[in-house]
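**Student:** Can you keep this structure in mind? I'll have questions shortly.
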Amino acid sequence: MKQLKRLFLRVKMFFYNNTIIAIAVIIFLFGALIAFTLPIFLTSIEYLGMTAPNEIGDAFGGATNPVIGLIGVGVTFLAFYIQYKATEKQREDLKEQQRYNQYKYLQEAIKDVKDDIKDLRFTKDQVTYTYSEAIWNFMMDNLQHGMAEQQILSPLYYQLEYILTLFEPIIAEVENSDLSKKEKFQMLMNIDGLFESSLAFILRVYDRSVVEGKEKMFRESVKYKIIIPAKKIKQELRETLDRYREPEKDIFHRVVMRIKGAAFVRHTRMIGKKGIVIFYKDYETYKLENPEGNITQERFDAFFADQDNAEKIIINEPIRLLMKLDFLEKVAFQLYLKDYT
């Protein structure tokens, strides 16, 4: 009996997930039912007086031809519909494959730039520096000897000039891709992280020179080919990231829904830099807003009756939120307990 019940459930789920097949089976069964029952029905009516085989055949053919034609139309429609769905699925698969290829291509492009930066070398006083140290020492050396235009530029200068030209096309390709907003933001964050860990040292040395009043010490070629392009890239990254950045209130809500007792949170709110978390006041309100919620009244009452548990949430969770979300300055939790709020 259990096996039959299990089989029935499997068949039910199969037809539930395959609507077209279910419709086709229904049409077939309907046609078969008419084909087998109509002759019996016609011969059972004495008023029609059908006894001869040819009379029954003519009556059966005349009665079933419209039904068969209708079934044929339905089956033809199903065939076209199945073809349409298959084409649509193929189109979606192709689009997904294109999106995946774009994602892999952009990842490879960022990796290639990262490898180029890792290969940077700068030698000074018989000491060879690599990666970000090479950039820092190159800029510091130009700050000290920049006015000597006749001095031969280091090969690192030409490498940096080339690498800086790679960022803007990659940023543009990310924006024009078919990736989701979240994927674009993550990709841009990877580019920004790469820039900040390496090429941002160009701007840090320059900013330092501005503070010290030595910005004019840089030779013109370094200023126009290295410093200005680096500034432009940083500005473009900031503006592009802002377009895809998730709103702070959404980030706050998403993180709050992972804290202890999140199931009892009614809603969250952001007022400036202050985050507010409001819990349900009573079980009736919870069920009214969550009719399909699986929290029982006993569990609800037990959670809010345990003041030690509530105090731990009020003390620990705001600290975690403040540590995790740097845009928060204050966090307020509003819990309704028996003796106090």
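In the structure tokens, chains take the letters A, B, ... in the order shown, each chain's residues start at 1, and ligands count up from 1 in the order shown.
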As a PyMOL selection string, please: the residues near Glu289 (chain A) (cut-off 12 Å, only C-alpha atoms, same-chain neighbours under 6 positions excluded).
**Tutor:** chain A and resi 264-267+280+282-283
**Student:** How about saving the chosen residues, N, CA and C atoms kept, as a compact mmCIF listing (two decimals), in the first residue's frame?
**Tutor:**
# COMPACT_ATOMS: atom_id res chain seq x y z
N PHE A 264 12.11 36.59 14.46
CA PHE A 264 11.15 37.39 15.21
C PHE A 264 11.23 38.88 14.87
N VAL A 265 12.06 39.22 13.88
CA VAL A 265 12.20 40.62 13.47
C VAL A 265 11.04 41.00 12.56
N ARG A 266 10.37 42.08 12.90
CA ARG A 266 9.24 42.53 12.08
C ARG A 266 9.71 43.35 10.89
N HIS A 267 10.54 44.35 11.14
CA HIS A 267 11.11 45.12 10.04
C HIS A 267 12.32 45.90 10.54
N TYR A 280 8.64 41.73 16.63
CA TYR A 280 7.18 41.63 16.75
C TYR A 280 6.76 41.86 18.20
N ASP A 282 3.63 40.99 19.48
CA ASP A 282 2.86 39.86 20.00
C ASP A 282 2.69 38.82 18.90
N TYR A 283 2.24 37.65 19.30
CA TYR A 283 2.10 36.54 18.37
C TYR A 283 0.99 36.79 17.35
**Student:** Write out as a Markdown table the residues of region 148-208 of chain A that have any atom within 7 Å of an atom of region 225-229 of chain A, one row each with the nearest atom pair and its distance in Å to one decimal, counting only C-alpha atoms, sorted by chain and then rising number.
**Tutor:**
| residue | atom | partner | partner_atom | distance |
| --- | --- | --- | --- | --- |
| A:Leu160 | CA | A:Ile226 | CA | 6.9 |
| A:Glu161 | CA | A:Ile226 | CA | 6.0 |
| A:Leu164 | CA | A:Pro229 | CA | 6.7 |
| A:Ile202 | CA | A:Ile227 | CA | 6.5 |
| A:Leu203 | CA | A:Ile227 | CA | 6.6 |
**Student:** With a distance cut-off of 10 Å and only C-alpha atoms, select the neighbouring residues of Ala263 (chain A), excluding the residue or stretch itself and same-chain residues fewer than 6 positions from it, and output the selection as a PDB file with C-alpha atoms, in the first residue's frame.
**Tutor:**
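After the write, part.pdb holds the following:
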ATOM      1  CA  MET A 257      18.066  38.772   8.911  1.00  0.00           C
ATOM      2  CA  PHE A 279      10.775  42.865  16.725  1.00  0.00           C
ATOM      3  CA  TYR A 280       7.183  41.629  16.755  1.00  0.00           C
ATOM      4  CA  GLY A 293       4.905  31.090   9.377  1.00  0.00           C
ATOM      5  CA  ASN A 294       6.065  27.935  11.168  1.00  0.00           C
ATOM      6  CA  ILE A 295       6.729  29.545  14.559  1.00  0.00           C
ATOM      7  CA  PHE A 300       7.228  32.835  20.317  1.00  0.00           C
TER       8      PHE A 300
END
**Student:** Quick one: of A:Leu29, A:Val205, A:Leu237, A:Ile163, who's nearest to Met189 (chain A), counting only C-alpha atoms?
**Tutor:**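 Of A:Leu29, A:Val205, A:Leu237, A:Ile163, the one nearest Met189 (chain A) is A:Leu237, counting only C-alpha atoms.
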**Student:** Taking 5 positions as the minimum chain separation for residues in the same chain, which residues sit within 12 Å of Glu196 (chain A) when counting only C-alpha atoms? Answer as number ranges by chain.
**Tutor:** A: 114, 132, 189-191, 201-204, 230-231, 233-234, 237-238
**Student:** Go ahead and compute the interatomic distance for CA of Phe303 (chain A) and CA of Lys260 (chain A), in Å to one decimal.
**Tutor:**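 Going from CA of Phe303 (chain A) over to CA of Lys260 (chain A), I get 11.0 Å.
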**Student:** Using only C-alpha atoms, which of the listed residues (A:Ser177, A:His253, A:Pro169, A:Ala79) sits closest to Tyr100 (chain A)?
**Tutor:**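 Checking each of A:Ser177, A:His253, A:Pro169, A:Ala79 against Tyr100 (chain A), counting only C-alpha atoms, the winner is A:Ser177.
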**Student:** Fewer than 6 positions away in the same chain doesn't count, so skip those; otherwise give me all residues within 10 Å of Glu284 (chain A), counting only C-alpha atoms, as an MDAnalysis selection string.
**Tutor:** chainID A and resid 290:291 297
**Student:** Write the selection just made, keeping N, CA and C atoms, as a short mmCIF file (atom, residue, chain, number, x, y, z; two decimals), in the first residue's frame?
**Tutor:**
data_model
loop_
_atom_site.label_atom_id
_atom_site.label_comp_id
_atom_site.auth_asym_id
_atom_site.auth_seq_id
_atom_site.Cartn_x
_atom_site.Cartn_y
_atom_site.Cartn_z
N ASN A 290 2.37 36.90 8.87
CA ASN A 290 3.00 35.66 8.38
C ASN A 290 2.05 34.49 8.58
N PRO A 291 0.96 34.44 7.82
CA PRO A 291 -0.03 33.37 8.02
C PRO A 291 0.54 31.97 7.81
N GLN A 297 3.08 29.51 18.90
CA GLN A 297 2.93 30.52 19.94
C GLN A 297 3.80 30.19 21.15
#
**Student:** Write out as a PyMOL selection string the residues lying within 7 Å of Lys184 (chain A), counting only C-alpha atoms and excluding same-chain residues fewer than 4 positions away.
**Tutor:** chain A and resi 174-175+179-180+188
**Student:** In region 63-203 of chain A, what's alpha helix (DSSP H) per DSSP? Answer as a ChimeraX atom specification?
**Tutor:** /A:63-118,131-145,155-176,181-196,200-203
**Student:** My list of candidates is A:Gly193, A:Ile259, A:Tyr336, A:Met270. Which is closest to Ile319 (chain A) when distances are computed with only C-alpha atoms?
**Tutor:**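 Checking each candidate against Ile319 (chain A), we get A:Ile259 as the closest.
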**Student:** Could you tell me how far CA of Ile315 (chain A) sits from CA of Ile271 (chain A), in Å to one decimal place?
**Tutor:**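 Going from CA of Ile271 (chain A) over to CA of Ile315 (chain A) covers 20.5 Å.
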**Student:** By how many Å are CA of Asp178 (chain A) and CA of Gln90 (chain A) apart?
**Tutor:**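 About the pair CA of Asp178 (chain A) and CA of Gln90 (chain A): they are 17.0 Å apart.
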